[in-house]
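Working notes, beginning with the structure itself.
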Amino acid sequence: MRFNQNNFTIIRKRNKLIVAVKDRLDSLTAPKIQEQLEAELKGIEKIIFDFAELNYISSAGLRLLLTAMQVMEEQGEMVVRNVTPAVMDVFEITGFINDLTIE
């Protein structure tokens, strides 16, 4: 399964989801990603968020990560990869750096 939008792609590989987000993760994009994740979460053991091209994350994006993290605590693991310096600053300021698995 592959789902493409203008600024995000979700790829399912067996029991793993890869969510690549570019540009912005905010109140416009987070609900769209959330909707797609909810549709695909059954049987998923790992979610990988790839933020290599993400320049901005808002509170709506942080809420999406928190929700996904809570779900994955029950059924597997969640990893955030390729975090840009701007997004890493937000993770540090908000304390998310202590809760997320960042690779």
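To be explicit about the labels: the chains of the structure tokens are called A, B, and onward in the order shown, and within each one the residues are counted from 1, while ligands get numbers from 1 in the order they are shown.
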List the neighbours of Glu35 (chain A) out to 12 Å using only C-alpha atoms; skip same-chain residues closer than 5 positions along the sequence, and give me the result as a PDB file with C-alpha atoms, in the first residue's frame.
```pdb
ATOM      1  CA  PHE A   3      -0.635   6.680  -0.159  1.00  0.00           C
ATOM      2  CA  ILE A  10       2.635   6.547   3.678  1.00  0.00           C
ATOM      3  CA  THR A  29      -1.527  18.129   7.228  1.00  0.00           C
ATOM      4  CA  ALA A  30      -1.710  16.363  10.615  1.00  0.00           C
ATOM      5  CA  GLU A  40      -3.807   1.324   8.269  1.00  0.00           C
ATOM      6  CA  LEU A  41      -2.936   0.603  11.920  1.00  0.00           C
ATOM      7  CA  LEU A  64      -0.155  13.426  15.931  1.00  0.00           C
ATOM      8  CA  THR A  67      -1.284   9.847  19.516  1.00  0.00           C
ATOM      9  CA  ALA A  68       0.751   7.494  17.324  1.00  0.00           C
TER      10      ALA A  68
END
```
Excluding Leu62 (chain A) and its own-chain neighbours fewer than 3 positions away, which residues fall within 10 Å of it when counting only C-alpha atoms? Please give them as a PyMOL selection string.
chain A and resi 25-26+30+57-59+65-68+90-91+94+96
Can you list every residue in region 9-78 of chain A that DSSP puts in strand (DSSP E), as a VMD selection string?
chain A and resid 9 to 13 16 to 25 46 to 57 77 to 78
Find, counting only C-alpha atoms, the residue in A:Ile93, A:Met69, A:Ala52, A:Ala60 that gets nearest to Ile33 (chain A).
A:Ala60
Enumerate the residues of region 3-90 of chain A with a DSSP assignment of alpha helix (DSSP H), computed from the backbone, and present them as a count of residues only.
34
To one decimal in Å, tell me the separation between CA of Ile44 (chain A) and CA of Pro31 (chain A).
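So the two atoms, CA of Ile44 (chain A) and CA of Pro31 (chain A), lie 19.4 Å apart.
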Tell me, in Å to one decimal, how far CA of Phe51 (chain A) is from CA of Val80 (chain A).
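About the pair CA of Phe51 (chain A) and CA of Val80 (chain A): they are 7.2 Å apart.
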For each of A:Asn98, A:Gly76, A:Lys32, A:Glu45, take the minimum atom-to-atom distance to Gly61 (chain A), counting only C-alpha atoms, then give the residue where this is smallest.
A:Lys32
Selected residue, from A:Asp50, A:Asn15, A:Ser27, A:Glu92, that lies nearest to Arg63 (chain A) when counting only C-alpha atoms
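Counting only C-alpha atoms, the residue closest to Arg63 (chain A) is A:Ser27.
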Selection: 8 Å around Val19 (chain A), only C-alpha atoms, excl. self and same-chain fewer than 5 positions, as a PyMOL selection string
chain A and resi 8-11+47-50
Measure the distance from CA of Val71 (chain A) to CA of Lys42 (chain A) in Å and round it to one decimal.
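One can read the CA of Val71 (chain A) to CA of Lys42 (chain A) distance as 10.6 Å.
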